[in-house]
There are 2 protein chains.
Amino acid sequence: MTGQERKTFEVIFEGTGISSGKMRNDIHVEWPTMKESFDLATDEGPFHGGDGTAPPPLALFTAALTGCLMTQIRAFSKRLKVNIGTVEVKTRLHWKGEQLGHEPYETSPVGFEMDVDLDSTASQDDQHRLIAAAKKGCFIETTLLQGLAVAHRLKIDDTWHDA
Amino acid sequence: MTGQERKTFEVIFEGTGISSGKMRNDIHVEWPTMKESFDLATDEGPFHGGDGTAPPPLALFTAALTGCLMTQIRAFSKRLKVNIGTVEVKTRLHWKGEQLGHEPYETSPVGFEMDVDLDSTASQDDQHRLIAAAKKGCFIETTLLQGLAVAHRLKIDDTWHDA
């Protein structure tokens with residue numbers, strides 16, 4: 001480990017969501033460090049009272065988690081010199097909801113699974129080494145693993161209150 | 001609590017991601033129960049070796065989390081009879097990465113914040129009650145709060161191995 005420099009870097013994403021339909025939300029996402037921004041949206045289908053004009057939040061989440069691991073697999077395959085081909089990942093995300101009468105339901109995760117095919121002729125050890133690095137490098141997976149309470153504030157009469 | 005029926009429901013999303021460019025991933029997401037599917041993609045900008053053809057995974061994640069809370073705010077405002085107007089949510093997600101020399105970096109969350117303006121004339125108590133319900137109803141927030149290790153498998157020579 002000697003002679004190797006330890007670096008730290010910060011990654012900050014900012015989103016501004018505005019409700020713009022029955023269930024639709026338009027969300028402008030900025031990545032200030034990279035001077036990049038993205039206009040995204042969520043909606044619900046008619047069954048849930050929406051107009052189906054955009055994917056529901058959990059579809060974006062499924063793509064985000066899947067893409068996050070895949071991106072780190074690709075990036076780290078070069079650094080670790082593990083050759084890979086066309087990567088295919090199958091993700092299965094399972095939650096449950098519990099509801100008493102007509103009260104708002106409460107949610108919790110049941111289990112998340114990701115099956116990875118690297119299309120690689122590298123040794124089994126090398127492939128495991130690559131997946132292990134990608135798991136530690138995926139911002140979403142490490143956040144899920146560590147757990148995190150989101151801090152909320154509510155604006156009431158032009159004053160911010162912890163919520 | 002007597003006389004109120006307790007119901008449980010399952011929510012399952014499935015994603016299939018295929019690497020399709022330097023850093024691009026095409027992700028087909030299915031919500032089997034609702035018979036809905038969505039074609040999404042992630043990419044990285046040129047700085048990170050991609051072609052910028054789609055948002056990076058963390059942009060989708062930012063929109064997913066923002067949209068998730070906003071959707072439950074809208075849905076539960078009706079059930080809790082808390083009138084709201086145009087909802088605006090500002091989300092700030094902060095991670096850090098640590099890297100030794102040129103090894104793959106390791107990531108962790110620093111803090112997630114969401115500022116909510118309900119554009120409401122409801123009482124402060126009612127607004128807090130609505131946010132509290134939305135937090136418990138947002139599948140992504142409750143998953144982050146509880147924490148979760150994703151289960152991985154790796155396909156090597158047509159056999160699945162835990163990874």
# chains A, B, ... in the order shown; residues from 1 in each chain; ligands from 1
>>> residues_around(residues="A:Lys78", least_positions_apart="6", cutoff="10 Å", atoms="only C-alpha atoms", output="PyMOL selection string")
(chain A and resi 84+130) or (chain B and resi 104)
>>> select_by_dssp(residues="stretch 17-84 of chain B", states="alpha helix (DSSP H)", output="list in words")
Pro57, Leu58, Ala59, Leu60, Phe61, Thr62, Ala63, Ala64, Leu65, Thr66, Gly67, Cys68, Leu69, Met70, Thr71, Gln72, Ile73, Arg74, Ala75, Phe76, Ser77, Lys78 and Arg79 of chain B
>>> residues_around(residues="B:Thr159", least_positions_apart="5", cutoff="12 Å", atoms="only C-alpha atoms", output="PyMOL selection string")
(chain A and resi 115-117+124) or (chain B and resi 153-154)
>>> write_last_selection(atoms="N, CA, C and O atoms", output="compact mmCIF listing (two decimals), in the first residue's frame")
# COMPACT_ATOMS: atom_id res chain seq x y z
N ASP A 115 -28.59 -10.76 -11.27
CA ASP A 115 -27.86 -11.86 -11.91
C ASP A 115 -27.03 -11.27 -13.05
O ASP A 115 -27.56 -10.58 -13.92
N VAL A 116 -25.74 -11.56 -13.04
CA VAL A 116 -24.80 -10.90 -13.94
C VAL A 116 -24.12 -11.91 -14.85
O VAL A 116 -23.57 -12.91 -14.37
N ASP A 117 -24.15 -11.65 -16.15
CA ASP A 117 -23.41 -12.45 -17.13
C ASP A 117 -22.42 -11.51 -17.82
O ASP A 117 -22.82 -10.60 -18.54
N GLN A 124 -12.64 -17.55 -13.16
CA GLN A 124 -13.72 -17.34 -12.22
C GLN A 124 -13.28 -16.34 -11.13
O GLN A 124 -14.05 -15.45 -10.76
N ARG B 153 -25.56 -12.85 -8.30
CA ARG B 153 -25.07 -14.12 -8.84
C ARG B 153 -24.31 -13.82 -10.14
O ARG B 153 -24.64 -12.88 -10.86
N LEU B 154 -23.32 -14.65 -10.41
CA LEU B 154 -22.47 -14.49 -11.57
C LEU B 154 -22.57 -15.78 -12.39
O LEU B 154 -22.44 -16.87 -11.84
>>> calpha_fit_and_write(fixed="chain B", moving="chain A", output="short mmCIF file (atom, residue, chain, number, x, y, z; two decimals) with N, CA and C atoms, in the first residue's frame")
data_model
loop_
_atom_site.label_atom_id
_atom_site.label_comp_id
_atom_site.auth_asym_id
_atom_site.auth_seq_id
_atom_site.Cartn_x
_atom_site.Cartn_y
_atom_site.Cartn_z
N MET A 1 -58.47 0.78 16.19
CA MET A 1 -57.91 -0.09 15.16
C MET A 1 -58.86 -1.26 14.85
N THR A 2 -59.85 -1.46 15.68
CA THR A 2 -60.74 -2.62 15.48
C THR A 2 -61.59 -2.41 14.23
N GLY A 3 -61.91 -3.53 13.61
CA GLY A 3 -62.80 -3.46 12.45
C GLY A 3 -62.11 -3.05 11.17
N GLN A 4 -60.81 -2.70 11.26
CA GLN A 4 -60.11 -2.31 10.03
C GLN A 4 -59.29 -3.49 9.52
N GLU A 5 -59.50 -3.80 8.28
CA GLU A 5 -58.82 -4.94 7.68
C GLU A 5 -57.37 -4.60 7.37
N ARG A 6 -56.45 -5.53 7.67
CA ARG A 6 -55.04 -5.33 7.32
C ARG A 6 -54.75 -6.07 6.02
N LYS A 7 -54.25 -5.33 5.05
CA LYS A 7 -53.95 -5.91 3.74
C LYS A 7 -52.45 -5.83 3.48
N THR A 8 -51.95 -6.82 2.76
CA THR A 8 -50.55 -6.79 2.33
C THR A 8 -50.53 -6.95 0.81
N PHE A 9 -49.65 -6.23 0.15
CA PHE A 9 -49.51 -6.42 -1.29
C PHE A 9 -48.03 -6.42 -1.66
N GLU A 10 -47.74 -7.08 -2.77
CA GLU A 10 -46.35 -7.22 -3.23
C GLU A 10 -46.13 -6.30 -4.43
N VAL A 11 -44.95 -5.71 -4.49
CA VAL A 11 -44.58 -4.88 -5.65
C VAL A 11 -43.25 -5.41 -6.17
N ILE A 12 -43.25 -5.89 -7.41
CA ILE A 12 -42.04 -6.46 -8.00
C ILE A 12 -41.74 -5.77 -9.33
N PHE A 13 -40.54 -5.27 -9.47
CA PHE A 13 -40.06 -4.70 -10.73
C PHE A 13 -38.88 -5.55 -11.21
N GLU A 14 -38.83 -5.80 -12.52
CA GLU A 14 -37.74 -6.57 -13.11
C GLU A 14 -37.06 -5.76 -14.20
N GLY A 15 -35.75 -5.78 -14.21
CA GLY A 15 -35.00 -5.07 -15.23
C GLY A 15 -34.05 -6.00 -15.95
N THR A 16 -33.91 -5.82 -17.25
CA THR A 16 -32.88 -6.53 -18.01
C THR A 16 -32.01 -5.50 -18.70
N GLY A 17 -30.75 -5.44 -18.26
CA GLY A 17 -29.82 -4.47 -18.82
C GLY A 17 -28.84 -5.15 -19.76
N ILE A 18 -28.61 -4.50 -20.91
CA ILE A 18 -27.63 -4.99 -21.89
C ILE A 18 -26.67 -3.84 -22.18
N SER A 19 -25.36 -4.12 -22.10
CA SER A 19 -24.40 -3.08 -22.46
C SER A 19 -24.42 -2.91 -23.98
N SER A 20 -24.49 -1.66 -24.43
CA SER A 20 -24.73 -1.44 -25.86
C SER A 20 -23.89 -0.32 -26.44
N GLY A 21 -22.88 0.11 -25.71
CA GLY A 21 -22.01 1.16 -26.23
C GLY A 21 -20.79 1.22 -25.34
N LYS A 22 -19.97 2.26 -25.52
CA LYS A 22 -18.77 2.36 -24.70
C LYS A 22 -19.13 2.28 -23.22
N MET A 23 -20.13 3.10 -22.82
CA MET A 23 -20.58 3.08 -21.41
C MET A 23 -22.11 2.99 -21.33
N ARG A 24 -22.76 2.88 -22.47
CA ARG A 24 -24.22 2.88 -22.48
C ARG A 24 -24.79 1.52 -22.08
N ASN A 25 -25.90 1.56 -21.35
CA ASN A 25 -26.66 0.37 -21.02
C ASN A 25 -28.12 0.60 -21.39
N ASP A 26 -28.70 -0.35 -22.10
CA ASP A 26 -30.14 -0.30 -22.37
C ASP A 26 -30.84 -1.21 -21.38
N ILE A 27 -31.85 -0.67 -20.72
CA ILE A 27 -32.49 -1.42 -19.64
C ILE A 27 -33.99 -1.49 -19.87
N HIS A 28 -34.45 -2.70 -20.08
CA HIS A 28 -35.89 -2.93 -20.26
C HIS A 28 -36.48 -3.26 -18.89
N VAL A 29 -37.41 -2.44 -18.44
CA VAL A 29 -37.99 -2.61 -17.10
C VAL A 29 -39.42 -3.10 -17.23
N GLU A 30 -39.77 -4.14 -16.47
CA GLU A 30 -41.14 -4.64 -16.49
C GLU A 30 -41.75 -4.56 -15.10
N TRP A 31 -43.04 -4.23 -15.10
CA TRP A 31 -43.84 -4.28 -13.88
C TRP A 31 -44.93 -5.30 -14.16
N PRO A 32 -44.61 -6.57 -13.94
CA PRO A 32 -45.50 -7.64 -14.42
C PRO A 32 -46.94 -7.54 -13.91
N THR A 33 -47.11 -7.18 -12.64
CA THR A 33 -48.47 -7.10 -12.08
C THR A 33 -49.35 -6.14 -12.87
N MET A 34 -48.75 -5.03 -13.29
CA MET A 34 -49.51 -4.01 -14.01
C MET A 34 -49.43 -4.22 -15.52
N LYS A 35 -48.71 -5.25 -15.96
CA LYS A 35 -48.48 -5.47 -17.39
C LYS A 35 -47.95 -4.20 -18.08
N GLU A 36 -47.02 -3.53 -17.39
CA GLU A 36 -46.41 -2.32 -17.95
C GLU A 36 -44.94 -2.58 -18.17
N SER A 37 -44.36 -1.97 -19.21
CA SER A 37 -42.92 -2.06 -19.40
C SER A 37 -42.38 -0.74 -19.94
N PHE A 38 -41.10 -0.52 -19.71
CA PHE A 38 -40.48 0.77 -19.98
C PHE A 38 -39.07 0.52 -20.50
N ASP A 39 -38.71 1.20 -21.60
CA ASP A 39 -37.35 1.09 -22.14
C ASP A 39 -36.56 2.31 -21.72
N LEU A 40 -35.57 2.07 -20.88
CA LEU A 40 -34.76 3.15 -20.34
C LEU A 40 -33.30 2.91 -20.69
N ALA A 41 -32.46 3.89 -20.42
CA ALA A 41 -31.04 3.74 -20.74
C ALA A 41 -30.22 4.62 -19.83
N THR A 42 -28.96 4.23 -19.65
CA THR A 42 -28.00 5.09 -18.96
C THR A 42 -26.75 5.20 -19.83
N ASP A 43 -26.05 6.30 -19.66
CA ASP A 43 -24.77 6.47 -20.34
C ASP A 43 -23.93 7.40 -19.46
N GLU A 44 -22.72 7.62 -19.84
CA GLU A 44 -21.86 8.59 -19.18
C GLU A 44 -21.42 9.61 -20.22
N GLY A 45 -21.08 10.79 -19.76
CA GLY A 45 -20.55 11.81 -20.66
C GLY A 45 -19.14 11.46 -21.11
N PRO A 46 -18.62 12.23 -22.08
CA PRO A 46 -17.28 11.96 -22.62
C PRO A 46 -16.19 11.95 -21.54
N PHE A 47 -16.33 12.78 -20.51
CA PHE A 47 -15.32 12.83 -19.45
C PHE A 47 -15.13 11.46 -18.80
N HIS A 48 -16.23 10.69 -18.71
CA HIS A 48 -16.17 9.36 -18.10
C HIS A 48 -16.14 8.24 -19.15
N GLY A 49 -15.82 8.60 -20.40
CA GLY A 49 -15.63 7.57 -21.41
C GLY A 49 -16.89 7.16 -22.16
N GLY A 50 -17.98 7.88 -21.97
CA GLY A 50 -19.22 7.54 -22.67
C GLY A 50 -19.52 8.51 -23.80
N ASP A 51 -20.71 8.36 -24.36
CA ASP A 51 -21.11 9.21 -25.48
C ASP A 51 -22.24 10.17 -25.11
N GLY A 52 -22.65 10.18 -23.84
CA GLY A 52 -23.69 11.12 -23.40
C GLY A 52 -25.03 10.92 -24.08
N THR A 53 -25.37 9.68 -24.45
CA THR A 53 -26.62 9.42 -25.17
C THR A 53 -27.82 9.25 -24.22
N ALA A 54 -27.58 9.22 -22.92
CA ALA A 54 -28.65 9.02 -21.94
C ALA A 54 -28.14 9.55 -20.60
N PRO A 55 -29.03 9.77 -19.64
CA PRO A 55 -28.56 10.27 -18.33
C PRO A 55 -27.72 9.22 -17.62
N PRO A 56 -26.81 9.66 -16.74
CA PRO A 56 -26.07 8.69 -15.93
C PRO A 56 -27.00 8.06 -14.88
N PRO A 57 -26.63 6.89 -14.36
CA PRO A 57 -27.49 6.20 -13.39
C PRO A 57 -27.92 7.08 -12.22
N LEU A 58 -27.01 7.93 -11.71
CA LEU A 58 -27.37 8.73 -10.53
C LEU A 58 -28.40 9.82 -10.86
N ALA A 59 -28.49 10.23 -12.12
CA ALA A 59 -29.55 11.18 -12.51
C ALA A 59 -30.90 10.47 -12.46
N LEU A 60 -30.95 9.23 -12.95
CA LEU A 60 -32.19 8.46 -12.85
C LEU A 60 -32.55 8.22 -11.39
N PHE A 61 -31.54 7.95 -10.57
CA PHE A 61 -31.79 7.72 -9.15
C PHE A 61 -32.36 8.98 -8.49
N THR A 62 -31.79 10.13 -8.81
CA THR A 62 -32.28 11.40 -8.24
C THR A 62 -33.74 11.63 -8.60
N ALA A 63 -34.07 11.38 -9.87
CA ALA A 63 -35.46 11.55 -10.32
C ALA A 63 -36.37 10.51 -9.68
N ALA A 64 -35.87 9.28 -9.53
CA ALA A 64 -36.68 8.22 -8.93
C ALA A 64 -37.05 8.55 -7.49
N LEU A 65 -36.07 8.96 -6.70
CA LEU A 65 -36.32 9.27 -5.29
C LEU A 65 -37.23 10.50 -5.16
N THR A 66 -36.95 11.52 -5.95
CA THR A 66 -37.77 12.74 -5.89
C THR A 66 -39.21 12.43 -6.30
N GLY A 67 -39.35 11.70 -7.41
CA GLY A 67 -40.69 11.36 -7.90
C GLY A 67 -41.44 10.43 -6.97
N CYS A 68 -40.71 9.56 -6.28
CA CYS A 68 -41.33 8.60 -5.36
C CYS A 68 -42.02 9.34 -4.21
N LEU A 69 -41.28 10.23 -3.56
CA LEU A 69 -41.88 10.98 -2.44
C LEU A 69 -43.04 11.84 -2.94
N MET A 70 -42.85 12.50 -4.09
CA MET A 70 -43.89 13.39 -4.62
C MET A 70 -45.17 12.62 -4.96
N THR A 71 -44.99 11.41 -5.51
CA THR A 71 -46.15 10.59 -5.87
C THR A 71 -46.94 10.21 -4.63
N GLN A 72 -46.24 9.86 -3.56
CA GLN A 72 -46.95 9.47 -2.33
C GLN A 72 -47.57 10.68 -1.66
N ILE A 73 -46.92 11.84 -1.77
CA ILE A 73 -47.55 13.07 -1.25
C ILE A 73 -48.89 13.29 -1.94
N ARG A 74 -48.90 13.17 -3.27
CA ARG A 74 -50.12 13.40 -4.03
C ARG A 74 -51.17 12.34 -3.68
N ALA A 75 -50.76 11.09 -3.68
CA ALA A 75 -51.73 10.00 -3.43
C ALA A 75 -52.33 10.11 -2.03
N PHE A 76 -51.48 10.38 -1.05
CA PHE A 76 -51.95 10.37 0.34
C PHE A 76 -52.65 11.67 0.73
N SER A 77 -52.43 12.75 -0.02
CA SER A 77 -53.13 14.01 0.29
C SER A 77 -54.63 13.81 0.20
N LYS A 78 -55.06 12.95 -0.72
CA LYS A 78 -56.50 12.69 -0.86
C LYS A 78 -56.99 11.85 0.32
N ARG A 79 -56.25 10.77 0.63
CA ARG A 79 -56.70 9.89 1.72
C ARG A 79 -56.71 10.60 3.06
N LEU A 80 -55.73 11.49 3.26
CA LEU A 80 -55.63 12.19 4.55
C LEU A 80 -56.38 13.52 4.54
N LYS A 81 -56.99 13.85 3.39
CA LYS A 81 -57.76 15.09 3.25
C LYS A 81 -56.93 16.32 3.64
N VAL A 82 -55.70 16.35 3.12
CA VAL A 82 -54.84 17.53 3.29
C VAL A 82 -54.71 18.16 1.90
N ASN A 83 -55.32 19.32 1.73
CA ASN A 83 -55.27 19.96 0.42
C ASN A 83 -53.87 20.49 0.12
N ILE A 84 -53.39 20.21 -1.10
CA ILE A 84 -52.09 20.73 -1.52
C ILE A 84 -52.23 21.33 -2.91
N GLY A 85 -51.29 22.21 -3.25
CA GLY A 85 -51.30 22.84 -4.57
C GLY A 85 -50.24 22.22 -5.45
N THR A 86 -49.46 23.07 -6.10
CA THR A 86 -48.34 22.60 -6.93
C THR A 86 -47.18 22.26 -6.00
N VAL A 87 -46.83 20.99 -5.95
CA VAL A 87 -45.77 20.54 -5.03
C VAL A 87 -44.41 20.76 -5.68
N GLU A 88 -43.48 21.31 -4.91
CA GLU A 88 -42.11 21.48 -5.39
C GLU A 88 -41.16 20.83 -4.38
N VAL A 89 -40.29 19.97 -4.87
CA VAL A 89 -39.33 19.28 -4.01
C VAL A 89 -37.93 19.51 -4.54
N LYS A 90 -37.05 19.97 -3.67
CA LYS A 90 -35.64 20.11 -4.04
C LYS A 90 -34.84 19.04 -3.32
N THR A 91 -34.16 18.24 -4.11
CA THR A 91 -33.42 17.09 -3.59
C THR A 91 -31.92 17.33 -3.76
N ARG A 92 -31.17 17.02 -2.74
CA ARG A 92 -29.70 17.13 -2.85
C ARG A 92 -29.09 15.84 -2.33
N LEU A 93 -28.41 15.14 -3.21
CA LEU A 93 -27.83 13.83 -2.88
C LEU A 93 -26.32 13.94 -2.93
N HIS A 94 -25.69 13.60 -1.85
CA HIS A 94 -24.24 13.81 -1.70
C HIS A 94 -23.56 12.47 -1.35
N TRP A 95 -22.65 12.08 -2.23
CA TRP A 95 -21.85 10.88 -1.99
C TRP A 95 -20.38 11.26 -1.98
N LYS A 96 -19.54 10.34 -1.55
CA LYS A 96 -18.11 10.53 -1.75
C LYS A 96 -17.49 9.24 -2.29
N GLY A 97 -16.37 9.42 -2.94
CA GLY A 97 -15.60 8.29 -3.42
C GLY A 97 -14.20 8.36 -2.83
N GLU A 98 -13.63 7.20 -2.57
CA GLU A 98 -12.26 7.15 -2.06
C GLU A 98 -11.46 6.19 -2.92
N GLN A 99 -10.26 6.61 -3.27
CA GLN A 99 -9.46 5.81 -4.19
C GLN A 99 -8.01 5.77 -3.75
N LEU A 100 -7.45 4.59 -3.81
CA LEU A 100 -6.04 4.41 -3.48
C LEU A 100 -5.31 4.20 -4.80
N GLY A 101 -4.41 5.12 -5.14
CA GLY A 101 -3.67 5.00 -6.39
C GLY A 101 -4.63 4.92 -7.56
N HIS A 102 -4.43 3.90 -8.41
CA HIS A 102 -5.32 3.73 -9.55
C HIS A 102 -6.29 2.57 -9.35
N GLU A 103 -6.44 2.11 -8.13
CA GLU A 103 -7.40 1.04 -7.86
C GLU A 103 -8.83 1.52 -8.09
N PRO A 104 -9.76 0.60 -8.30
CA PRO A 104 -11.16 1.03 -8.39
C PRO A 104 -11.55 1.78 -7.12
N TYR A 105 -12.31 2.87 -7.29
CA TYR A 105 -12.69 3.64 -6.10
C TYR A 105 -13.83 2.96 -5.35
N GLU A 106 -13.96 3.35 -4.07
CA GLU A 106 -15.06 2.86 -3.24
C GLU A 106 -15.95 4.05 -2.87
N THR A 107 -17.24 3.79 -2.83
CA THR A 107 -18.21 4.87 -2.67
C THR A 107 -18.97 4.73 -1.36
N SER A 108 -19.51 5.86 -0.89
CA SER A 108 -20.42 5.83 0.26
C SER A 108 -21.25 7.11 0.28
N PRO A 109 -22.45 7.04 0.87
CA PRO A 109 -23.29 8.23 0.94
C PRO A 109 -22.81 9.17 2.03
N VAL A 110 -22.95 10.48 1.81
CA VAL A 110 -22.62 11.48 2.83
C VAL A 110 -23.91 11.99 3.46
N GLY A 111 -24.91 12.32 2.65
CA GLY A 111 -26.18 12.78 3.18
C GLY A 111 -27.16 13.09 2.05
N PHE A 112 -28.42 12.78 2.28
CA PHE A 112 -29.48 13.08 1.31
C PHE A 112 -30.46 14.05 1.96
N GLU A 113 -30.82 15.11 1.25
CA GLU A 113 -31.77 16.10 1.77
C GLU A 113 -32.89 16.35 0.78
N MET A 114 -34.10 16.51 1.29
CA MET A 114 -35.24 16.86 0.43
C MET A 114 -36.04 17.97 1.10
N ASP A 115 -36.15 19.10 0.39
CA ASP A 115 -36.92 20.26 0.87
C ASP A 115 -38.25 20.28 0.12
N VAL A 116 -39.34 20.32 0.85
CA VAL A 116 -40.67 20.14 0.28
C VAL A 116 -41.53 21.38 0.50
N ASP A 117 -42.12 21.88 -0.57
CA ASP A 117 -43.10 22.98 -0.49
C ASP A 117 -44.42 22.45 -1.05
N LEU A 118 -45.42 22.31 -0.18
CA LEU A 118 -46.70 21.71 -0.60
C LEU A 118 -47.65 22.75 -1.19
N ASP A 119 -47.30 24.04 -1.13
CA ASP A 119 -48.19 25.09 -1.65
C ASP A 119 -49.60 24.89 -1.07
N SER A 120 -49.64 24.80 0.26
CA SER A 120 -50.86 24.38 0.95
C SER A 120 -51.27 25.40 2.01
N THR A 121 -52.58 25.52 2.21
CA THR A 121 -53.08 26.36 3.30
C THR A 121 -53.49 25.50 4.49
N ALA A 122 -53.20 24.19 4.42
CA ALA A 122 -53.53 23.29 5.53
C ALA A 122 -52.67 23.65 6.75
N SER A 123 -53.10 23.22 7.92
CA SER A 123 -52.37 23.52 9.15
C SER A 123 -50.98 22.88 9.11
N GLN A 124 -50.10 23.42 9.93
CA GLN A 124 -48.75 22.88 10.00
C GLN A 124 -48.80 21.39 10.40
N ASP A 125 -49.66 21.06 11.36
CA ASP A 125 -49.79 19.67 11.79
C ASP A 125 -50.21 18.76 10.64
N ASP A 126 -51.19 19.21 9.86
CA ASP A 126 -51.66 18.40 8.74
C ASP A 126 -50.56 18.20 7.70
N GLN A 127 -49.80 19.24 7.45
CA GLN A 127 -48.72 19.12 6.46
C GLN A 127 -47.64 18.15 6.95
N HIS A 128 -47.32 18.23 8.24
CA HIS A 128 -46.34 17.29 8.80
C HIS A 128 -46.88 15.85 8.74
N ARG A 129 -48.18 15.71 8.99
CA ARG A 129 -48.81 14.38 8.96
C ARG A 129 -48.71 13.79 7.54
N LEU A 130 -48.92 14.63 6.56
CA LEU A 130 -48.85 14.17 5.17
C LEU A 130 -47.42 13.74 4.79
N ILE A 131 -46.45 14.55 5.17
CA ILE A 131 -45.05 14.20 4.86
C ILE A 131 -44.64 12.91 5.56
N ALA A 132 -45.08 12.76 6.81
CA ALA A 132 -44.73 11.54 7.56
C ALA A 132 -45.29 10.31 6.86
N ALA A 133 -46.53 10.41 6.38
CA ALA A 133 -47.14 9.27 5.67
C ALA A 133 -46.42 9.00 4.35
N ALA A 134 -46.06 10.07 3.63
CA ALA A 134 -45.40 9.91 2.33
C ALA A 134 -44.03 9.25 2.50
N LYS A 135 -43.31 9.60 3.56
CA LYS A 135 -42.00 8.98 3.83
C LYS A 135 -42.15 7.47 4.04
N LYS A 136 -43.18 7.08 4.80
CA LYS A 136 -43.40 5.65 5.07
C LYS A 136 -43.95 4.92 3.85
N GLY A 137 -44.56 5.66 2.94
CA GLY A 137 -45.15 5.03 1.75
C GLY A 137 -44.21 5.00 0.56
N CYS A 138 -43.12 5.76 0.64
CA CYS A 138 -42.18 5.81 -0.50
C CYS A 138 -41.27 4.58 -0.44
N PHE A 139 -41.41 3.71 -1.43
CA PHE A 139 -40.66 2.45 -1.46
C PHE A 139 -39.15 2.68 -1.43
N ILE A 140 -38.70 3.74 -2.06
CA ILE A 140 -37.25 3.98 -2.11
C ILE A 140 -36.74 4.49 -0.77
N GLU A 141 -37.48 5.42 -0.17
CA GLU A 141 -37.03 5.96 1.14
C GLU A 141 -37.00 4.88 2.21
N THR A 142 -38.03 4.04 2.25
CA THR A 142 -38.05 3.02 3.31
C THR A 142 -36.96 1.98 3.08
N THR A 143 -36.60 1.77 1.81
CA THR A 143 -35.51 0.84 1.52
C THR A 143 -34.18 1.44 1.98
N LEU A 144 -33.98 2.73 1.70
CA LEU A 144 -32.76 3.40 2.15
C LEU A 144 -32.68 3.39 3.67
N LEU A 145 -33.81 3.65 4.33
CA LEU A 145 -33.82 3.74 5.79
C LEU A 145 -33.48 2.39 6.42
N GLN A 146 -34.07 1.33 5.87
CA GLN A 146 -33.86 -0.01 6.44
C GLN A 146 -32.47 -0.55 6.09
N GLY A 147 -31.99 -0.23 4.91
CA GLY A 147 -30.73 -0.78 4.43
C GLY A 147 -30.95 -2.17 3.89
N LEU A 148 -30.15 -2.53 2.89
CA LEU A 148 -30.41 -3.78 2.18
C LEU A 148 -29.15 -4.19 1.43
N ALA A 149 -28.76 -5.45 1.57
CA ALA A 149 -27.66 -5.99 0.77
C ALA A 149 -28.25 -6.63 -0.48
N VAL A 150 -27.88 -6.13 -1.64
CA VAL A 150 -28.33 -6.75 -2.89
C VAL A 150 -27.66 -8.11 -3.02
N ALA A 151 -28.42 -9.12 -3.42
CA ALA A 151 -27.86 -10.47 -3.64
C ALA A 151 -27.43 -10.59 -5.10
N HIS A 152 -26.17 -10.96 -5.33
CA HIS A 152 -25.64 -11.07 -6.69
C HIS A 152 -25.32 -12.51 -7.04
N ARG A 153 -25.55 -12.83 -8.30
CA ARG A 153 -25.06 -14.10 -8.84
C ARG A 153 -24.32 -13.82 -10.14
N LEU A 154 -23.32 -14.65 -10.39
CA LEU A 154 -22.47 -14.49 -11.56
C LEU A 154 -22.57 -15.76 -12.38
N LYS A 155 -22.81 -15.61 -13.68
CA LYS A 155 -22.92 -16.78 -14.56
C LYS A 155 -21.56 -17.11 -15.16
N ILE A 156 -21.02 -18.26 -14.79
CA ILE A 156 -19.71 -18.68 -15.32
C ILE A 156 -19.88 -20.09 -15.87
N ASP A 157 -19.56 -20.26 -17.14
CA ASP A 157 -19.72 -21.56 -17.80
C ASP A 157 -21.12 -22.13 -17.59
N ASP A 158 -22.12 -21.29 -17.81
CA ASP A 158 -23.53 -21.71 -17.72
C ASP A 158 -23.97 -22.16 -16.34
N THR A 159 -23.19 -21.80 -15.31
CA THR A 159 -23.60 -22.12 -13.94
C THR A 159 -23.65 -20.82 -13.13
N TRP A 160 -24.64 -20.72 -12.28
CA TRP A 160 -24.76 -19.51 -11.45
C TRP A 160 -24.01 -19.68 -10.14
N HIS A 161 -23.20 -18.68 -9.81
CA HIS A 161 -22.42 -18.66 -8.57
C HIS A 161 -22.79 -17.43 -7.76
N ASP A 162 -22.95 -17.57 -6.45
CA ASP A 162 -23.15 -16.40 -5.61
C ASP A 162 -21.92 -15.50 -5.70
N ALA A 163 -22.13 -14.21 -5.76
CA ALA A 163 -21.01 -13.27 -5.96
C ALA A 163 -21.17 -12.06 -5.04
#
>>> select_by_dssp(residues="stretch 44-144 of chain B", states="strand (DSSP E)", output="ChimeraX atom specification")
/B:88-100,106-117
>>> decode(residues="stretch 155-160 of chain B", atoms="N, CA, C and O atoms", output="PDB file, in the first residue's frame")
ATOM      1  N   LYS B 155     -22.797 -15.626 -13.707  1.00  0.00           N
ATOM      2  CA  LYS B 155     -22.917 -16.794 -14.580  1.00  0.00           C
ATOM      3  C   LYS B 155     -21.553 -17.121 -15.169  1.00  0.00           C
ATOM      4  O   LYS B 155     -20.991 -16.321 -15.923  1.00  0.00           O
ATOM      5  N   ILE B 156     -21.018 -18.271 -14.811  1.00  0.00           N
ATOM      6  CA  ILE B 156     -19.718 -18.694 -15.331  1.00  0.00           C
ATOM      7  C   ILE B 156     -19.879 -20.108 -15.872  1.00  0.00           C
ATOM      8  O   ILE B 156     -20.284 -21.016 -15.148  1.00  0.00           O
ATOM      9  N   ASP B 157     -19.556 -20.294 -17.166  1.00  0.00           N
ATOM     10  CA  ASP B 157     -19.711 -21.603 -17.819  1.00  0.00           C
ATOM     11  C   ASP B 157     -21.113 -22.153 -17.601  1.00  0.00           C
ATOM     12  O   ASP B 157     -21.287 -23.329 -17.231  1.00  0.00           O
ATOM     13  N   ASP B 158     -22.115 -21.305 -17.811  1.00  0.00           N
ATOM     14  CA  ASP B 158     -23.519 -21.712 -17.724  1.00  0.00           C
ATOM     15  C   ASP B 158     -23.969 -22.168 -16.340  1.00  0.00           C
ATOM     16  O   ASP B 158     -24.996 -22.829 -16.206  1.00  0.00           O
ATOM     17  N   THR B 159     -23.188 -21.821 -15.319  1.00  0.00           N
ATOM     18  CA  THR B 159     -23.596 -22.130 -13.942  1.00  0.00           C
ATOM     19  C   THR B 159     -23.642 -20.845 -13.139  1.00  0.00           C
ATOM     20  O   THR B 159     -22.783 -19.977 -13.293  1.00  0.00           O
ATOM     21  N   TRP B 160     -24.653 -20.719 -12.288  1.00  0.00           N
ATOM     22  CA  TRP B 160     -24.766 -19.503 -11.456  1.00  0.00           C
ATOM     23  C   TRP B 160     -24.025 -19.682 -10.147  1.00  0.00           C
ATOM     24  O   TRP B 160     -24.178 -20.695  -9.469  1.00  0.00           O
TER      25      TRP B 160
END
